[in-house]
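**Q** What follows is the file protein_34.cif, containing mmCIF, C-alpha atoms, pLDDT in the B column; chains and numbers go by the auth columns:
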```cif
data_structure
loop_
_atom_site.group_PDB
_atom_site.id
_atom_site.type_symbol
_atom_site.label_atom_id
_atom_site.label_comp_id
_atom_site.label_asym_id
_atom_site.label_seq_id
_atom_site.Cartn_x
_atom_site.Cartn_y
_atom_site.Cartn_z
_atom_site.B_iso_or_equiv
_atom_site.auth_seq_id
_atom_site.auth_asym_id
ATOM 1 C CA MET A 1 5.970 34.691 22.208 45.00 1 G
ATOM 2 C CA GLU A 2 4.129 31.416 21.747 47.00 2 G
ATOM 3 C CA ILE A 3 5.103 29.058 18.913 49.00 3 G
ATOM 4 C CA GLN A 4 2.178 28.234 16.707 46.00 4 G
ATOM 5 C CA LYS A 5 1.753 24.675 15.423 44.00 5 G
ATOM 6 C CA LEU A 6 1.302 24.528 11.673 45.00 6 G
ATOM 7 C CA TYR A 7 -0.028 20.989 11.735 42.00 7 G
ATOM 8 C CA ASP A 8 -0.619 18.169 14.147 44.00 8 G
ATOM 9 C CA LEU A 9 0.752 14.751 13.159 45.00 9 G
ATOM 10 C CA ASP A 10 -2.283 13.058 14.701 46.00 10 G
ATOM 11 C CA ASP A 11 -4.609 15.016 12.396 42.00 11 G
ATOM 12 C CA ILE A 12 -2.805 14.033 9.191 43.00 12 G
ATOM 13 C CA GLU A 13 -4.639 11.333 7.285 50.00 13 G
ATOM 14 C CA PHE A 14 -2.443 9.058 5.232 59.00 14 G
ATOM 15 C CA GLU A 15 -3.873 7.827 1.962 78.00 15 G
ATOM 16 C CA ASP A 16 -4.209 4.121 1.344 83.00 16 G
ATOM 17 C CA ILE A 17 -1.961 2.465 -1.234 86.00 17 G
ATOM 18 C CA ALA A 18 -3.424 0.321 -4.006 89.00 18 G
ATOM 19 C CA ILE A 19 -1.316 -2.740 -4.798 92.00 19 G
ATOM 20 C CA GLY A 20 -1.799 -5.897 -6.809 93.00 20 G
ATOM 21 C CA LEU A 21 -1.392 -9.446 -5.527 95.00 21 G
ATOM 22 C CA VAL A 22 0.201 -11.836 -8.024 95.00 22 G
ATOM 23 C CA ARG A 23 -0.265 -15.581 -7.646 95.00 23 G
ATOM 24 C CA LEU A 24 1.605 -17.976 -9.918 94.00 24 G
ATOM 25 C CA ALA A 25 -0.185 -20.951 -11.461 92.00 25 G
ATOM 26 C CA LYS A 26 3.108 -22.873 -11.698 90.00 26 G
ATOM 27 C CA ASN A 27 6.070 -22.926 -9.381 90.00 27 G
ATOM 28 C CA ILE A 28 8.812 -21.426 -11.568 92.00 28 G
ATOM 29 C CA PRO A 29 12.020 -19.553 -10.694 93.00 29 G
ATOM 30 C CA ALA A 30 11.885 -15.760 -10.664 92.00 30 G
ATOM 31 C CA HIS A 31 14.294 -15.372 -13.577 92.00 31 G
ATOM 32 C CA GLU A 32 12.034 -17.469 -15.839 93.00 32 G
ATOM 33 C CA PHE A 33 8.940 -15.551 -14.738 93.00 33 G
ATOM 34 C CA PHE A 34 10.464 -12.143 -15.486 94.00 34 G
ATOM 35 C CA TYR A 35 12.064 -13.354 -18.705 93.00 35 G
ATOM 36 C CA THR A 36 8.575 -14.341 -19.916 92.00 36 G
ATOM 37 C CA ILE A 37 7.093 -10.992 -18.844 92.00 37 G
ATOM 38 C CA ASN A 38 9.899 -9.099 -20.595 92.00 38 G
ATOM 39 C CA GLN A 39 9.298 -11.095 -23.795 91.00 39 G
ATOM 40 C CA ASN A 40 5.584 -10.165 -23.843 87.00 40 G
ATOM 41 C CA ASN A 41 5.924 -6.452 -22.972 87.00 41 G
ATOM 42 C CA ASP A 42 7.798 -3.320 -23.880 84.00 42 G
ATOM 43 C CA LEU A 43 8.658 -3.227 -20.175 86.00 43 G
ATOM 44 C CA LYS A 44 12.022 -4.605 -19.120 92.00 44 G
ATOM 45 C CA PHE A 45 11.956 -5.729 -15.519 93.00 45 G
ATOM 46 C CA SER A 46 15.325 -5.961 -13.843 94.00 46 G
ATOM 47 C CA ARG A 47 16.438 -6.950 -10.370 94.00 47 G
ATOM 48 C CA LYS A 48 16.944 -4.060 -7.968 93.00 48 G
ATOM 49 C CA LYS A 49 18.435 -3.885 -4.522 93.00 49 G
ATOM 50 C CA ASP A 50 16.525 -6.206 -2.188 92.00 50 G
ATOM 51 C CA LEU A 51 13.969 -4.846 0.215 91.00 51 G
ATOM 52 C CA ILE A 52 15.420 -5.382 3.696 90.00 52 G
ATOM 53 C CA PHE A 53 13.208 -5.944 6.721 88.00 53 G
ATOM 54 C CA HIS A 54 14.794 -5.762 10.181 87.00 54 G
ATOM 55 C CA GLY A 55 13.179 -8.009 12.744 84.00 55 G
ATOM 56 C CA ALA A 56 14.225 -8.415 16.352 83.00 56 G
ATOM 57 C CA TYR A 57 16.141 -11.648 15.702 84.00 57 G
ATOM 58 C CA PHE A 58 16.431 -11.883 11.918 88.00 58 G
ATOM 59 C CA GLU A 59 17.153 -9.623 8.972 91.00 59 G
ATOM 60 C CA TYR A 60 15.068 -10.584 5.933 92.00 60 G
ATOM 61 C CA SER A 61 15.746 -9.936 2.233 94.00 61 G
ATOM 62 C CA PHE A 62 12.900 -9.689 -0.274 94.00 62 G
ATOM 63 C CA PRO A 63 13.809 -9.570 -3.998 95.00 63 G
ATOM 64 C CA ARG A 64 12.539 -6.564 -5.977 95.00 64 G
ATOM 65 C CA TYR A 65 12.114 -6.203 -9.740 96.00 65 G
ATOM 66 C CA GLU A 66 11.426 -2.863 -11.361 94.00 66 G
ATOM 67 C CA ALA A 67 10.521 -1.496 -14.798 93.00 67 G
ATOM 68 C CA TYR A 68 9.484 1.852 -16.229 91.00 68 G
ATOM 69 C CA HIS A 69 6.552 2.124 -18.637 87.00 69 G
ATOM 70 C CA LYS A 70 7.439 4.990 -20.989 87.00 70 G
ATOM 71 C CA SER A 71 4.023 5.764 -22.467 84.00 71 G
ATOM 72 C CA THR A 72 2.266 6.060 -19.081 84.00 72 G
ATOM 73 C CA LYS A 73 5.409 7.325 -17.273 87.00 73 G
ATOM 74 C CA THR A 74 4.836 4.827 -14.505 89.00 74 G
ATOM 75 C CA CYS A 75 7.305 2.768 -12.510 91.00 75 G
ATOM 76 C CA PHE A 76 6.164 -0.763 -11.649 93.00 76 G
ATOM 77 C CA THR A 77 7.739 -2.813 -8.877 93.00 77 G
ATOM 78 C CA PHE A 78 7.314 -6.504 -8.112 95.00 78 G
ATOM 79 C CA ILE A 79 8.288 -7.399 -4.541 95.00 79 G
ATOM 80 C CA SER A 80 8.532 -11.010 -3.474 95.00 80 G
ATOM 81 C CA ASN A 81 6.047 -11.767 -0.695 94.00 81 G
ATOM 82 C CA ARG A 82 8.340 -14.427 0.766 93.00 82 G
ATOM 83 C CA CYS A 83 11.857 -13.635 1.898 93.00 83 G
ATOM 84 C CA SER A 84 14.653 -15.116 -0.184 93.00 84 G
ATOM 85 C CA GLU A 85 17.063 -15.242 2.721 92.00 85 G
ATOM 86 C CA SER A 86 17.215 -14.463 6.409 88.00 86 G
ATOM 87 C CA ASN A 87 20.247 -13.751 8.548 89.00 87 G
ATOM 88 C CA GLN A 88 20.067 -14.308 12.269 87.00 88 G
ATOM 89 C CA LYS A 89 21.116 -11.161 14.149 82.00 89 G
ATOM 90 C CA LYS A 90 20.958 -12.549 17.672 81.00 90 G
ATOM 91 C CA LEU A 91 20.110 -15.803 19.378 80.00 91 G
ATOM 92 C CA GLN A 92 16.507 -16.366 20.392 72.00 92 G
ATOM 93 C CA THR A 93 16.310 -17.027 24.120 73.00 93 G
ATOM 94 C CA GLU A 94 12.531 -16.948 24.423 72.00 94 G
ATOM 95 C CA LEU A 95 10.239 -19.757 23.294 68.00 95 G
ATOM 96 C CA PHE A 96 7.421 -17.833 21.661 67.00 96 G
ATOM 97 C CA THR A 97 8.903 -14.781 19.978 67.00 97 G
ATOM 98 C CA GLY A 98 6.641 -14.971 16.936 70.00 98 G
ATOM 99 C CA GLU A 99 9.635 -14.518 14.657 74.00 99 G
ATOM 100 C CA GLU A 100 10.913 -17.320 12.445 81.00 100 G
ATOM 101 C CA ASN A 101 13.584 -17.604 9.777 82.00 101 G
ATOM 102 C CA ILE A 102 10.912 -17.374 7.028 88.00 102 G
ATOM 103 C CA LYS A 103 8.901 -14.160 6.722 89.00 103 G
ATOM 104 C CA PHE A 104 6.040 -13.052 4.492 91.00 104 G
ATOM 105 C CA LEU A 105 5.314 -9.373 3.899 91.00 105 G
ATOM 106 C CA LEU A 106 1.603 -10.195 3.865 90.00 106 G
ATOM 107 C CA ASN A 107 1.180 -12.816 6.590 86.00 107 G
ATOM 108 C CA ASN A 108 -2.479 -13.385 5.734 87.00 108 G
ATOM 109 C CA GLN A 109 -1.675 -13.949 2.023 90.00 109 G
ATOM 110 C CA VAL A 110 1.022 -16.675 2.013 91.00 110 G
ATOM 111 C CA ASP A 111 -0.177 -18.012 -1.367 93.00 111 G
ATOM 112 C CA VAL A 112 0.806 -14.707 -3.034 95.00 112 G
ATOM 113 C CA GLU A 113 4.208 -14.838 -4.750 96.00 113 G
ATOM 114 C CA TYR A 114 4.585 -11.151 -5.642 96.00 114 G
ATOM 115 C CA ILE A 115 3.248 -7.801 -4.542 94.00 115 G
ATOM 116 C CA LEU A 116 2.878 -5.423 -7.466 94.00 116 G
ATOM 117 C CA HIS A 117 3.232 -1.730 -6.713 92.00 117 G
ATOM 118 C CA SER A 118 3.050 1.304 -8.960 90.00 118 G
ATOM 119 C CA SER A 119 4.227 4.892 -8.647 84.00 119 G
ATOM 120 C CA GLU A 120 0.687 6.021 -9.550 84.00 120 G
ATOM 121 C CA GLN A 121 -1.997 6.880 -6.995 78.00 121 G
ATOM 122 C CA PHE A 122 -4.539 4.725 -8.857 80.00 122 G
ATOM 123 C CA PRO A 123 -2.461 2.132 -10.687 85.00 123 G
ATOM 124 C CA ASP A 124 -3.459 0.451 -13.917 86.00 124 G
ATOM 125 C CA PHE A 125 -1.824 -2.970 -13.832 88.00 125 G
ATOM 126 C CA SER A 126 -3.473 -3.942 -17.113 86.00 126 G
ATOM 127 C CA VAL A 127 -0.580 -2.351 -19.069 86.00 127 G
ATOM 128 C CA ILE A 128 1.550 -5.320 -17.959 89.00 128 G
ATOM 129 C CA LEU A 129 0.768 -8.332 -20.093 88.00 129 G
ATOM 130 C CA LEU A 130 1.189 -11.312 -17.812 88.00 130 G
ATOM 131 C CA PRO A 131 1.410 -14.814 -19.308 85.00 131 G
ATOM 132 C CA GLU A 132 -1.994 -16.418 -18.825 82.00 132 G
ATOM 133 C CA ASN A 133 -0.616 -19.919 -18.390 87.00 133 G
ATOM 134 C CA LEU A 134 1.718 -18.840 -15.552 90.00 134 G
ATOM 135 C CA VAL A 135 -0.278 -16.291 -13.569 92.00 135 G
ATOM 136 C CA PHE A 136 -3.742 -15.978 -12.090 93.00 136 G
ATOM 137 C CA PRO A 137 -5.471 -12.599 -12.590 92.00 137 G
ATOM 138 C CA ILE A 138 -4.008 -9.815 -10.462 92.00 138 G
ATOM 139 C CA GLN A 139 -6.052 -9.221 -7.322 93.00 139 G
ATOM 140 C CA ASP A 140 -6.479 -5.590 -6.279 92.00 140 G
ATOM 141 C CA TYR A 141 -5.606 -4.985 -2.646 91.00 141 G
ATOM 142 C CA THR A 142 -5.605 -1.834 -0.528 89.00 142 G
ATOM 143 C CA LEU A 143 -3.014 -1.201 2.157 86.00 143 G
ATOM 144 C CA SER A 144 -4.015 1.081 4.990 82.00 144 G
ATOM 145 C CA SER A 145 -1.463 3.307 6.691 79.00 145 G
ATOM 146 C CA ASP A 146 -1.466 1.225 9.871 78.00 146 G
ATOM 147 C CA GLU A 147 -0.173 -1.909 8.108 79.00 147 G
ATOM 148 C CA GLU A 148 3.505 -2.814 8.318 75.00 148 G
ATOM 149 C CA LEU A 149 3.894 -3.198 4.543 81.00 149 G
ATOM 150 C CA TYR A 150 2.555 0.328 3.992 79.00 150 G
ATOM 151 C CA GLN A 151 5.507 1.803 5.897 77.00 151 G
ATOM 152 C CA ILE A 152 7.994 -0.414 4.033 75.00 152 G
ATOM 153 C CA ILE A 153 6.661 0.606 0.605 76.00 153 G
ATOM 154 C CA GLN A 154 6.724 4.281 1.589 75.00 154 G
ATOM 155 C CA TYR A 155 10.360 3.930 2.652 69.00 155 G
ATOM 156 C CA TYR A 156 11.457 2.275 -0.621 67.00 156 G
ATOM 157 C CA GLU A 157 9.410 4.587 -2.860 65.00 157 G
#
```
For this file, produce the structure as C-alpha cells.

**A**
Amino acid sequence: MEIQKLYDLDDIEFEDIAIGLVRLAKNIPAHEFFYTINQNNDLKFSRKKDLIFHGAYFEYSFPRYEAYHKSTKTCFTFISNRCSESNQKKLQTELFTGEENIKFLLNNQVDVEYILHSSEQFPDFSVILLPENLVFPIQDYTLSSDEELYQIIQYYE
C-alpha cells in the first residue's frame, strides 16, 4: 500500500510577520526607557529571558521586554536590535568570516534600537503610548519567512 502525502512542505506558504521598528531620539539606558513607558501606560513591561542567537563563532544575547495588554488581550514584546553581550564559542581561524562580536538582528537597520512584536496577526502598536520626546514614531516593517529574524521570532513566540 502506498503512503499518501497529506501536505508538501514546499507548498506551504508562511505568512509574513508585521513588526514595528523603534528608534530612540535620545541615547538612554533601557531601564529608564521602560520605566517611562510603564509610567505612561497601563502596560507593565518587564525583562524576560534574553533572546539567544547562536552564530558559528559567537553566541549573542538580545534583551527582551514583555507586557500584556488586558483590554485587547495582546502580548507586546520589545527585542533589542543590538546584542547586549556576546560570548566567543570558538577561535576564528579565518580572516573573513563575516561574524563579529557585535550583532544586529536587522543588519540593514542599525539605527533601530528595538523591534516591537505583537501576538496579533495585524498588530496595533498605537495602544502603547510612547514618550514623544524619547522616541520617533514607530515604523511598520514586514518580515518575510525567508529572513533570519522571522525564524527567531517564531521560535520565541

**Q** What's the separation between CA of Glu32 in chain G and CA of Leu149 in chain G, in Å to one decimal place?

**A**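 Atom-to-atom, CA of Glu32 in chain G and CA of Leu149 in chain G are spaced 26.2 Å apart.
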
**Q** To one decimal place in Å, what is the distance between CA of Phe122 in chain G and CA of Thr77 in chain G?

**A** 14.4 Å

**Q** Given the point (0.2, 1.3, 3.9) in the file's coordinates, find the residues that have an atom at most 12 Å from it, counting all atoms listed in the file, and give them as a list in words.

**A**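 Those residues lying close to the given coordinates are Glu13, Phe14, Glu15, Asp16, Ile17, Ala18, Ile19, Leu105, Leu106, His117, Tyr141, Thr142, Leu143, Ser144, Ser145, Asp146, Glu147, Glu148, Leu149, Tyr150, Gln151, Ile152, Ile153, Gln154, Tyr155 and Glu157 of chain G.
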
**Q** So, with only C-alpha atoms as the atoms that count, which of G:Ser80, G:Asn108, G:Asn133, G:Ser46 lies closest to Tyr65 in chain G?

**A** G:Ser46

**Q** Can you translate the PyMOL selection byres ((chain G and resi 62) around 7) into the concrete residues it hits in this file, as a ChimeraX atom specification?

**A** /G:50-52,60-61,63-64,79-80,82-84

**Q** Can you work out which one of G:Phe34, G:Phe45, G:Phe125, G:Tyr57 has the shortest atom-to-atom distance to Lys103 in chain G, counting only C-alpha atoms?

**A** G:Tyr57
